[in-house]
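Enquirer: Contents of structure-v2.tsv (TSV, C-alpha atoms) are below:
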chain	number	residue	atom	x	y	z
A	1	MET	CA	-12.92	-33.50	-143.37
A	2	VAL	CA	-9.26	-33.16	-142.46
A	3	GLU	CA	-8.46	-36.33	-144.34
A	4	LYS	CA	-10.26	-34.99	-147.41
A	5	GLN	CA	-8.15	-31.82	-147.38
A	6	GLU	CA	-4.93	-33.78	-147.08
A	7	THR	CA	-5.95	-35.98	-149.97
A	8	ALA	CA	-6.74	-32.87	-152.00
A	9	VAL	CA	-3.26	-31.48	-151.50
A	10	LEU	CA	-1.63	-34.77	-152.47
A	11	GLU	CA	-3.86	-35.32	-155.49
A	12	PRO	CA	-4.55	-31.92	-157.03
A	13	GLY	CA	-6.27	-33.41	-160.04
A	14	MET	CA	-8.74	-35.44	-158.05
A	15	ARG	CA	-10.26	-32.72	-155.87
A	16	GLY	CA	-13.90	-31.89	-155.69
A	17	GLU	CA	-16.67	-33.40	-153.72
A	18	GLY	CA	-19.86	-35.23	-154.50
A	19	LYS	CA	-21.38	-37.09	-157.38
A	20	ILE	CA	-21.52	-34.18	-159.84
A	21	ALA	CA	-17.84	-33.35	-159.38
A	22	GLN	CA	-17.02	-37.01	-159.95
A	23	ILE	CA	-19.07	-37.12	-163.17
A	24	ILE	CA	-17.30	-34.02	-164.48
A	25	ARG	CA	-13.92	-35.52	-163.59
A	26	ASP	CA	-14.77	-38.79	-165.35
A	27	GLN	CA	-16.06	-36.99	-168.43
A	28	PHE	CA	-12.95	-34.87	-168.64
A	29	LYS	CA	-10.62	-37.86	-168.25
A	30	LEU	CA	-12.53	-39.73	-170.91
A	31	ALA	CA	-12.43	-36.77	-173.30
A	32	VAL	CA	-8.70	-36.22	-172.86
A	33	ASN	CA	-7.83	-39.91	-173.15
A	34	LYS	CA	-9.94	-40.25	-176.27
A	35	HIS	CA	-8.85	-37.11	-178.09
A	36	MET	CA	-5.49	-36.07	-176.64
A	37	GLY	CA	-4.11	-39.30	-175.26
A	38	ASP	CA	-1.01	-39.49	-177.41
A	39	ILE	CA	0.20	-35.89	-177.10
A	40	SER	CA	2.71	-34.99	-174.41
A	41	PRO	CA	2.41	-31.63	-172.68
A	42	VAL	CA	5.01	-28.88	-173.15
A	43	HIS	CA	7.71	-28.12	-170.60
A	44	LEU	CA	9.16	-24.65	-170.93
A	45	ASN	CA	12.87	-23.94	-171.15
A	46	THR	CA	14.35	-22.13	-168.14
A	47	ASP	CA	18.05	-22.54	-169.05
A	48	LEU	CA	18.20	-19.96	-171.84
A	49	TYR	CA	17.45	-17.08	-169.49
A	50	GLU	CA	20.34	-18.02	-167.20
A	51	ARG	CA	22.72	-18.35	-170.15
A	52	HIS	CA	21.51	-15.10	-171.68
A	53	ARG	CA	21.92	-13.27	-168.38
A	54	SER	CA	25.42	-14.68	-167.84
A	55	SER	CA	26.48	-13.51	-171.28
A	56	GLN	CA	24.98	-10.05	-170.67
A	57	MET	CA	26.81	-9.77	-167.35
A	58	LEU	CA	30.08	-10.68	-169.08
A	59	ILE	CA	29.50	-7.97	-171.68
A	60	GLU	CA	28.73	-5.38	-168.98
A	61	PHE	CA	31.82	-6.44	-166.99
B	1	MET	CA	-38.76	-8.93	-164.04
B	2	ASP	CA	-35.46	-7.06	-164.56
B	3	THR	CA	-34.20	-6.91	-168.12
B	4	HIS	CA	-30.79	-8.18	-169.10
B	5	ILE	CA	-28.12	-5.48	-169.66
B	6	ARG	CA	-26.70	-6.51	-173.01
B	7	GLY	CA	-22.92	-6.37	-173.35
B	8	ARG	CA	-22.32	-6.71	-169.63
B	9	GLY	CA	-21.92	-9.80	-167.46
B	10	ALA	CA	-22.74	-8.43	-164.01
B	11	GLN	CA	-26.17	-6.88	-163.82
B	12	LEU	CA	-25.55	-4.92	-160.61
B	13	ASN	CA	-22.87	-3.34	-158.45
B	14	THR	CA	-22.11	-4.97	-155.12
B	15	PRO	CA	-21.16	-2.65	-152.22
B	16	ASP	CA	-17.49	-1.69	-151.93
B	17	PRO	CA	-16.38	-0.96	-148.36
B	18	TYR	CA	-13.11	0.65	-149.51
B	19	ALA	CA	-14.53	2.94	-152.22
B	20	GLN	CA	-14.45	6.22	-150.32
B	21	LEU	CA	-10.91	5.73	-149.06
B	22	ILE	CA	-9.27	4.45	-152.24
B	23	ARG	CA	-11.02	6.57	-154.85
B	24	THR	CA	-9.83	9.67	-153.05
B	25	GLN	CA	-6.29	8.43	-153.59
B	26	LEU	CA	-6.91	7.58	-157.25
B	27	ARG	CA	-8.48	10.90	-158.15
B	28	PRO	CA	-5.25	12.70	-159.15
B	29	LEU	CA	-4.51	10.03	-161.74
B	30	LYS	CA	-5.33	10.57	-165.38
B	31	GLU	CA	-8.63	9.05	-166.43
B	32	ASP	CA	-9.57	8.36	-170.06
B	33	VAL	CA	-13.17	7.94	-171.05
B	34	ASP	CA	-13.40	5.98	-174.25
B	35	ASP	CA	-15.35	7.58	-177.07
B	36	GLY	CA	-17.97	4.95	-177.65
B	37	SER	CA	-16.32	2.02	-179.39
B	38	LEU	CA	-15.87	0.44	-175.98
B	39	ARG	CA	-19.25	1.73	-174.78
B	40	ASN	CA	-18.82	3.76	-171.64
B	41	SER	CA	-15.92	1.92	-170.09
B	42	GLN	CA	-13.42	4.06	-168.26
B	43	PHE	CA	-9.67	3.47	-168.32
B	44	ILE	CA	-7.55	4.70	-165.45
B	45	THR	CA	-3.78	4.91	-165.72
B	46	VAL	CA	-1.94	3.55	-162.69
B	47	TYR	CA	1.74	3.04	-161.89
B	48	PRO	CA	2.20	0.12	-159.48
B	49	LYS	CA	5.53	-0.52	-157.76
B	50	THR	CA	5.79	-4.20	-158.72
B	51	ILE	CA	4.25	-6.31	-161.47
B	52	VAL	CA	5.26	-9.95	-160.89
B	53	ASN	CA	2.95	-11.66	-158.39
B	54	GLU	CA	3.80	-14.83	-156.55
B	55	VAL	CA	0.80	-17.16	-156.80
B	56	LYS	CA	0.38	-18.97	-153.52
B	57	SER	CA	-2.71	-20.98	-154.43
B	58	PRO	CA	-1.87	-24.57	-155.42
B	59	ASP	CA	-5.10	-24.68	-157.43
B	60	VAL	CA	-4.13	-22.61	-160.43
B	61	GLY	CA	-1.01	-24.32	-161.74
B	62	MET	CA	1.34	-21.33	-161.89
B	63	ASP	CA	3.96	-19.92	-159.53
B	64	PHE	CA	4.15	-16.35	-160.84
B	65	SER	CA	1.80	-14.15	-162.83
B	66	ILE	CA	1.48	-10.69	-164.35
B	67	ASN	CA	-1.76	-8.80	-164.82
B	68	PRO	CA	-1.19	-5.68	-166.92
B	69	TYR	CA	-4.80	-4.65	-166.33
B	70	GLN	CA	-6.91	-4.55	-163.16
B	71	GLY	CA	-10.56	-5.17	-163.94
B	72	CYS	CA	-11.61	-6.83	-167.17
B	73	GLU	CA	-13.93	-5.65	-169.89
B	74	HIS	CA	-14.70	-9.23	-170.89
B	75	GLY	CA	-17.21	-9.14	-168.05
B	76	CYS	CA	-17.33	-12.87	-167.34
B	77	VAL	CA	-20.07	-13.08	-164.77
B	78	TYR	CA	-18.44	-15.91	-162.79
B	79	CYS	CA	-14.93	-14.39	-162.71
B	80	TYR	CA	-13.08	-14.91	-159.42
B	81	ALA	CA	-10.99	-11.79	-160.12
B	82	ARG	CA	-14.04	-9.63	-159.43
B	83	ASN	CA	-13.29	-9.91	-155.72
B	84	THR	CA	-10.01	-8.02	-156.17
B	85	HIS	CA	-11.67	-4.88	-157.56
B	86	PRO	CA	-12.95	-3.53	-154.21
B	87	TYR	CA	-9.32	-3.24	-153.08
B	88	TRP	CA	-8.93	-0.61	-155.81
B	89	GLY	CA	-12.01	1.25	-154.65
B	90	TYR	CA	-14.51	-0.15	-157.14
B	91	SER	CA	-17.36	-2.64	-157.01
B	92	ALA	CA	-16.88	-6.26	-158.02
B	93	GLY	CA	-20.04	-5.94	-160.15
B	94	LEU	CA	-20.53	-3.68	-163.17
B	95	GLU	CA	-17.56	-1.53	-162.16
B	96	PHE	CA	-15.20	-4.52	-162.44
B	97	GLU	CA	-15.92	-4.65	-166.16
B	98	SER	CA	-16.24	-0.91	-166.81
B	99	LYS	CA	-13.54	0.76	-164.65
B	100	ILE	CA	-10.29	-0.70	-165.89
B	101	MET	CA	-6.89	0.17	-164.42
B	102	VAL	CA	-4.10	0.20	-167.01
B	103	LYS	CA	-0.66	-0.49	-165.50
B	104	LEU	CA	1.30	1.60	-167.95
B	105	ASN	CA	4.71	0.95	-166.42
B	106	ALA	CA	4.31	-2.86	-166.50
B	107	PRO	CA	7.00	-3.48	-169.19
B	108	ASP	CA	9.56	-1.33	-167.29
B	109	LEU	CA	8.79	-3.16	-164.08
B	110	LEU	CA	9.20	-6.54	-165.77
B	111	HIS	CA	12.51	-5.45	-167.28
B	112	HIS	CA	13.66	-4.42	-163.82
B	113	HIS	CA	12.46	-7.72	-162.33
B	114	LEU	CA	14.24	-9.89	-164.89
B	115	SER	CA	17.43	-7.85	-164.50
B	116	ASN	CA	17.66	-8.83	-160.85
B	117	PRO	CA	20.57	-11.29	-160.49
B	118	LYS	CA	18.69	-13.06	-157.68
B	119	TRP	CA	15.77	-14.03	-159.94
B	120	LYS	CA	15.68	-17.72	-160.89
B	121	ALA	CA	13.91	-18.41	-164.18
B	122	THR	CA	10.40	-19.70	-163.55
B	123	PRO	CA	7.58	-19.36	-166.09
B	124	ILE	CA	5.61	-16.16	-165.49
B	125	VAL	CA	2.03	-16.41	-166.71
B	126	LEU	CA	0.20	-13.47	-168.27
B	127	SER	CA	-3.42	-13.35	-167.08
B	128	GLY	CA	-3.41	-15.14	-163.76
B	129	ASN	CA	-6.27	-12.89	-162.75
B	130	THR	CA	-7.62	-10.59	-165.49
B	131	ASP	CA	-7.31	-11.20	-169.24
B	132	CYS	CA	-4.17	-9.69	-170.80
B	133	TYR	CA	-5.86	-9.55	-174.24
B	134	GLN	CA	-9.06	-7.81	-173.15
B	135	PRO	CA	-10.32	-5.20	-175.69
B	136	ILE	CA	-8.24	-2.21	-174.50
B	137	GLU	CA	-5.05	-4.18	-175.28
B	138	ALA	CA	-5.70	-3.59	-178.99
B	139	LYS	CA	-4.97	0.10	-178.35
B	140	VAL	CA	-2.52	0.08	-175.44
B	141	LYS	CA	-0.37	-2.94	-176.44
B	142	LEU	CA	0.90	-3.53	-172.91
B	143	THR	CA	0.87	-7.31	-173.32
B	144	ARG	CA	2.80	-7.04	-176.57
B	145	SER	CA	5.41	-4.90	-174.81
B	146	LEU	CA	5.65	-7.46	-172.00
B	147	LEU	CA	6.18	-10.27	-174.53
B	148	LYS	CA	9.01	-8.24	-176.06
B	149	VAL	CA	10.67	-8.03	-172.64
B	150	PHE	CA	10.34	-11.81	-172.18
B	151	HIS	CA	11.79	-12.21	-175.65
B	152	ASP	CA	14.75	-9.92	-174.92
B	153	PHE	CA	15.58	-11.85	-171.76
B	154	ARG	CA	14.88	-15.28	-173.32
B	155	HIS	CA	12.60	-15.91	-170.35
B	156	PRO	CA	9.75	-18.50	-170.36
B	157	THR	CA	6.18	-17.26	-170.21
B	158	GLY	CA	2.63	-18.50	-170.65
B	159	ILE	CA	-0.61	-16.87	-171.69
B	160	ILE	CA	-4.21	-17.64	-170.75
B	161	THR	CA	-6.87	-15.78	-172.69
B	162	LYS	CA	-10.40	-15.80	-174.02
B	163	ASN	CA	-9.55	-13.33	-176.78
B	164	ALA	CA	-8.45	-13.89	-180.38
B	165	LEU	CA	-6.33	-10.74	-180.18
B	166	VAL	CA	-3.46	-13.00	-179.11
B	167	GLN	CA	-3.06	-13.77	-182.83
B	168	ARG	CA	-1.73	-10.24	-183.36
B	169	ASP	CA	1.45	-11.16	-181.48
B	170	VAL	CA	2.19	-14.29	-183.47
B	171	ASP	CA	5.55	-12.88	-184.58
B	172	ILE	CA	6.93	-12.71	-181.03
B	173	LEU	CA	5.16	-15.90	-179.93
B	174	ALA	CA	6.59	-17.89	-182.85
B	175	ASP	CA	10.07	-16.69	-182.04
B	176	LEU	CA	9.69	-17.57	-178.35
B	177	SER	CA	8.28	-20.98	-179.21
B	178	ARG	CA	11.32	-21.86	-181.34
B	179	ASP	CA	13.27	-21.92	-178.08
B	180	ASN	CA	10.46	-23.56	-176.14
B	181	LEU	CA	9.81	-20.38	-174.17
B	182	VAL	CA	6.05	-20.00	-174.49
B	183	LYS	CA	2.74	-21.80	-174.42
B	184	VAL	CA	-0.71	-20.36	-174.95
B	185	ILE	CA	-3.88	-21.55	-173.28
B	186	ILE	CA	-7.20	-20.62	-174.85
B	187	SER	CA	-10.07	-20.71	-172.41
B	188	ILE	CA	-13.30	-22.08	-173.91
B	189	THR	CA	-16.44	-22.32	-171.82
B	190	THR	CA	-19.22	-23.35	-174.14
B	191	LEU	CA	-20.09	-24.12	-177.77
B	192	ASP	CA	-23.27	-22.04	-177.55
B	193	ASP	CA	-22.50	-18.49	-178.66
B	194	ASP	CA	-25.84	-17.14	-177.38
B	195	LEU	CA	-24.88	-18.38	-173.92
B	196	ARG	CA	-21.35	-16.99	-174.38
B	197	GLN	CA	-22.76	-13.53	-175.12
B	198	LYS	CA	-24.58	-13.47	-171.81
B	199	LEU	CA	-22.02	-15.33	-169.69
B	200	GLU	CA	-18.83	-13.62	-170.90
B	201	PRO	CA	-20.14	-10.83	-173.15
B	202	ARG	CA	-17.00	-9.11	-174.48
B	203	THR	CA	-14.85	-12.15	-175.08
B	204	SER	CA	-14.17	-13.45	-178.58
B	205	THR	CA	-16.81	-15.66	-180.13
B	206	ILE	CA	-16.38	-19.41	-179.75
B	207	LYS	CA	-15.66	-19.75	-183.46
B	208	ARG	CA	-12.85	-17.17	-183.19
B	209	ARG	CA	-11.37	-18.96	-180.20
B	210	PHE	CA	-11.22	-22.31	-182.00
B	211	GLN	CA	-9.81	-20.51	-185.03
B	212	THR	CA	-7.16	-18.98	-182.74
B	213	LEU	CA	-6.19	-22.44	-181.47
B	214	ALA	CA	-5.80	-23.63	-185.06
B	215	PHE	CA	-3.88	-20.53	-186.16
B	216	LEU	CA	-1.37	-20.67	-183.32
B	217	ALA	CA	-0.88	-24.44	-183.66
B	218	LYS	CA	-0.24	-24.00	-187.38
B	219	GLU	CA	2.44	-21.43	-186.53
B	220	GLY	CA	4.14	-24.00	-184.30
B	221	ILE	CA	3.13	-22.40	-181.00
B	222	PRO	CA	2.15	-24.93	-178.32
B	223	VAL	CA	-1.52	-24.42	-177.46
B	224	SER	CA	-3.82	-25.91	-174.86
B	225	VAL	CA	-7.48	-25.54	-174.06
B	226	MET	CA	-8.86	-24.67	-170.65
B	227	VAL	CA	-12.48	-25.71	-170.29
B	228	ALA	CA	-13.20	-23.19	-167.62
B	229	PRO	CA	-15.16	-22.77	-165.66
B	230	ILE	CA	-17.46	-25.76	-165.82
B	231	ILE	CA	-20.79	-24.67	-164.37
B	232	PRO	CA	-22.88	-27.72	-163.55
B	233	GLY	CA	-26.35	-27.39	-165.02
B	234	ILE	CA	-25.15	-24.91	-167.65
B	235	ASN	CA	-22.17	-26.19	-169.62
B	236	ASP	CA	-21.06	-29.47	-168.00
B	237	HIS	CA	-22.54	-31.49	-170.87
B	238	GLU	CA	-20.16	-29.80	-173.35
B	239	VAL	CA	-16.81	-31.00	-171.97
B	240	MET	CA	-16.33	-33.91	-174.37
B	241	GLU	CA	-17.13	-31.89	-177.48
B	242	ILE	CA	-14.97	-28.89	-176.49
B	243	VAL	CA	-11.99	-31.18	-175.90
B	244	ARG	CA	-12.65	-33.05	-179.16
B	245	ILE	CA	-12.81	-29.92	-181.32
B	246	SER	CA	-9.83	-28.35	-179.52
B	247	ALA	CA	-7.73	-31.46	-180.22
B	248	LEU	CA	-8.76	-31.31	-183.87
B	249	MET	CA	-7.67	-27.66	-183.98
B	250	GLY	CA	-4.25	-28.56	-182.57
B	251	ALA	CA	-4.54	-28.26	-178.78
B	252	GLN	CA	-1.88	-30.38	-177.12
B	253	SER	CA	-3.40	-30.58	-173.67
B	254	ALA	CA	-6.48	-29.61	-171.68
B	255	GLY	CA	-7.48	-28.49	-168.23
B	256	TYR	CA	-10.65	-27.54	-166.40
B	257	THR	CA	-11.96	-25.92	-163.26
B	258	VAL	CA	-15.38	-26.14	-161.66
B	259	VAL	CA	-16.85	-22.75	-160.89
B	260	ARG	CA	-16.72	-21.40	-157.34
B	261	LEU	CA	-18.76	-18.44	-156.21
B	262	ASN	CA	-16.56	-16.75	-153.64
B	263	GLY	CA	-17.22	-13.36	-152.07
B	264	ASP	CA	-19.28	-10.94	-154.13
B	265	VAL	CA	-19.33	-13.33	-157.10
B	266	GLU	CA	-22.09	-15.31	-155.41
B	267	THR	CA	-24.41	-12.28	-155.37
B	268	ILE	CA	-23.46	-11.25	-158.92
B	269	PHE	CA	-23.87	-14.73	-160.37
B	270	SER	CA	-27.14	-15.47	-158.53
B	271	ASP	CA	-28.56	-12.16	-159.74
B	272	TRP	CA	-27.46	-12.97	-163.30
B	273	LEU	CA	-29.14	-16.38	-163.11
B	274	SER	CA	-32.36	-14.75	-161.87
B	275	ILE	CA	-32.41	-12.51	-164.93
B	276	VAL	CA	-31.02	-14.76	-167.68
B	277	MET	CA	-32.31	-18.22	-166.71
B	278	PRO	CA	-34.64	-17.83	-163.71
B	279	GLU	CA	-36.15	-21.28	-164.18
B	280	ARG	CA	-32.75	-22.91	-163.67
B	281	ARG	CA	-31.43	-20.64	-160.92
B	282	ASP	CA	-31.93	-22.84	-157.84
B	283	LYS	CA	-30.96	-26.04	-159.63
B	284	VAL	CA	-27.66	-24.58	-160.87
B	285	LEU	CA	-26.79	-23.09	-157.47
B	286	ASN	CA	-27.56	-26.40	-155.76
B	287	LYS	CA	-25.37	-28.29	-158.22
B	288	ILE	CA	-22.48	-25.86	-157.72
B	289	ALA	CA	-22.86	-26.21	-153.95
B	290	SER	CA	-22.82	-29.99	-154.20
B	291	CYS	CA	-19.35	-29.80	-155.76
B	292	HIS	CA	-18.01	-27.74	-152.85
B	293	GLY	CA	-19.24	-29.49	-149.74
B	294	GLY	CA	-22.62	-27.78	-149.72
B	295	LYS	CA	-21.36	-24.21	-150.25
B	296	THR	CA	-21.37	-22.35	-153.57
B	297	GLY	CA	-18.09	-20.69	-152.63
B	298	ASP	CA	-15.05	-22.44	-151.24
B	299	SER	CA	-11.92	-20.36	-150.76
B	300	ARG	CA	-9.85	-23.06	-149.05
B	301	PHE	CA	-6.62	-23.78	-150.90
B	302	GLY	CA	-6.52	-27.21	-152.46
B	303	THR	CA	-10.23	-27.89	-152.52
B	304	ARG	CA	-11.19	-26.49	-155.90
B	305	ASP	CA	-11.81	-29.18	-158.44
B	306	ALA	CA	-9.15	-28.52	-161.01
B	307	ARG	CA	-7.42	-30.84	-163.40
B	308	ARG	CA	-4.76	-30.36	-166.00
B	309	ARG	CA	-3.20	-32.64	-168.49
When written as structure tokens, how does the structure in this file appear?
Expert:
Amino acid sequence: MVEKQETAVLEPGMRGEGKIAQIIRDQFKLAVNKHMGDISPVHLNTDLYERHRSSQMLIEF
Amino acid sequence: MDTHIRGRGAQLNTPDPYAQLIRTQLRPLKEDVDDGSLRNSQFITVYPKTIVNEVKSPDVGMDFSINPYQGCEHGCVYCYARNTHPYWGYSAGLEFESKIMVKLNAPDLLHHHLSNPKWKATPIVLSGNTDCYQPIEAKVKLTRSLLKVFHDFRHPTGIITKNALVQRDVDILADLSRDNLVKVIISITTLDDDLRQKLEPRTSTIKRRFQTLAFLAKEGIPVSVMVAPIIPGINDHEVMEIVRISALMGAQSAGYTVVRLNGDVETIFSDWLSIVMPERRDKVLNKIASCHGGKTGDSRFGTRDARRR
């Protein structure tokens, strides 16, 4: 049981127990690979906020 | 046999051990009873001290969240957020979807939070718990005001919703997306609208949700689909088709969670199954349990089956 929990933390996408969870996981992977395989996910920009805040602080100063 | 209460997910109220204590404290606050268009829901104005929550669970894929409303009129019968309602003095059952706290000072609190020089930019997700585009948002516009604050600070944000009302804010979302500051996740549970009406009664129809995906994608806003929750024995056979249609509509990625029935949600969901699909009740509960080590609920961090791509 302990080993299962540690694995879960290391592999967040592969959690779940039992045959049904495995079938759902396989179905989902198949669906995504078939229909969304060539699209890369979005990473949001965190730099603009820092730059905006720095400029605002300069104005206030 | 009990009859199904149309327009509501939960069919009963579970006991709330804190009700007496907390409702006494809430009484002085202004309470608005809606005039009928929202059918007997009650909206209670509250003024919390903070609005940005740190999300400690590694299961949900976000570090910080904002919930402008406590309680949710969508009434999704499986919703894990139901268990937070007793802390406000209300039941996790029918009261979760009919006694809604409106955090009127949320935009001011966010402005204050983002003005703090110690804050390091990290995406803050709207709707970590309850839906930020639930029906009352059409009137109150708290989520729209929060988006304006994110826009003013050029701060990244994300949205998860089951409501097409998100389309209303396309002007702000499009502007944020030009600087890669926003993504929207539309949660789609099933392709069967009859099931949707019983399972999550006041959400947008499935057709409207797919149309929302297409609309936002066409406007250049990054959109994803969350197939959530998957309830084995009820909607697990629909995963492939939901992902396929979502991709066609412009979804760039997908995620899912398998339902867990923690706390009062187990009673509420089991009762709902007994009324809506009694012949499948035991089979569905057994299948859910088999995904969580033999228990229908599993509140351990890191053990919920969740996947994102």
Enquirer: Near range 225-236 of chain B, counting all atoms listed in the file, which residues have an atom at most 7 Å away, once you skip same-chain residues fewer than 2 positions from it, shown as number ranges by chain?
Expert: A: 24; B: 185-190, 223, 238-239, 246, 251, 253-259, 284, 287-288
Enquirer: What would the list of residues within 9 Å of (8.1, -18.8, -161.1) (file frame) look like as a list in words, if only C-alpha atoms are what count?
Expert: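 The requested residues, written out, are Glu54, Val55, Met62, Asp63, Phe64, Ser65, Lys120, Ala121, Thr122, Pro123, Ile124 and Val125 of chain B.
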Enquirer: Ranking B:Asn116, B:Thr205, B:Asn53, B:Asn40 by minimum distance to chain A and counting only C-alpha atoms, which one comes first?
Expert: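 Closest to chain A, using only C-alpha atoms: B:Asn116.
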Enquirer: Could you pull the residues within 8 Å of range 211-214 of chain B, counting all atoms listed in the file, minus those fewer than 3 positions along the same chain, as a list of chain:residue names?
Expert: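 Near neighbours after the sequence-gap exclusion: B:Ala164, B:Val166, B:Gln167, B:Ile186, B:Lys207, B:Arg208, B:Ala217, B:Lys218, B:Val223, B:Ser224, B:Ser246, B:Met249, B:Gly250, B:Ala251.
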Enquirer: For CA of Ile44 in chain B and CA of Leu126 in chain B, determine how far apart the two atoms are, in Å to one decimal place.
Expert: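 Result for CA of Ile44 in chain B versus CA of Leu126 in chain B: 20.0 Å, one decimal.
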Enquirer: Which one is closest to chain A: B:Glu137, B:His74, B:Leu195, B:Ser57? Count all atoms listed in the file.
Expert: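 Residue with the minimum atom-to-atom distance to chain A: B:Ser57.
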Enquirer: Would you please work out which residue, of B:Ile136, B:Ile245, B:Ala174, B:Met240, is nearest to Phe210 in chain B when using all atoms listed in the file?
Expert: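 Looking only at the distances to Phe210 in chain B, the closest residue turns out to be B:Ile245.
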Enquirer: What gap, in Å, lies between CA of Val46 in chain B and CA of Lys99 in chain B?
Expert: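 Going from CA of Val46 in chain B over to CA of Lys99 in chain B covers 12.1 Å.
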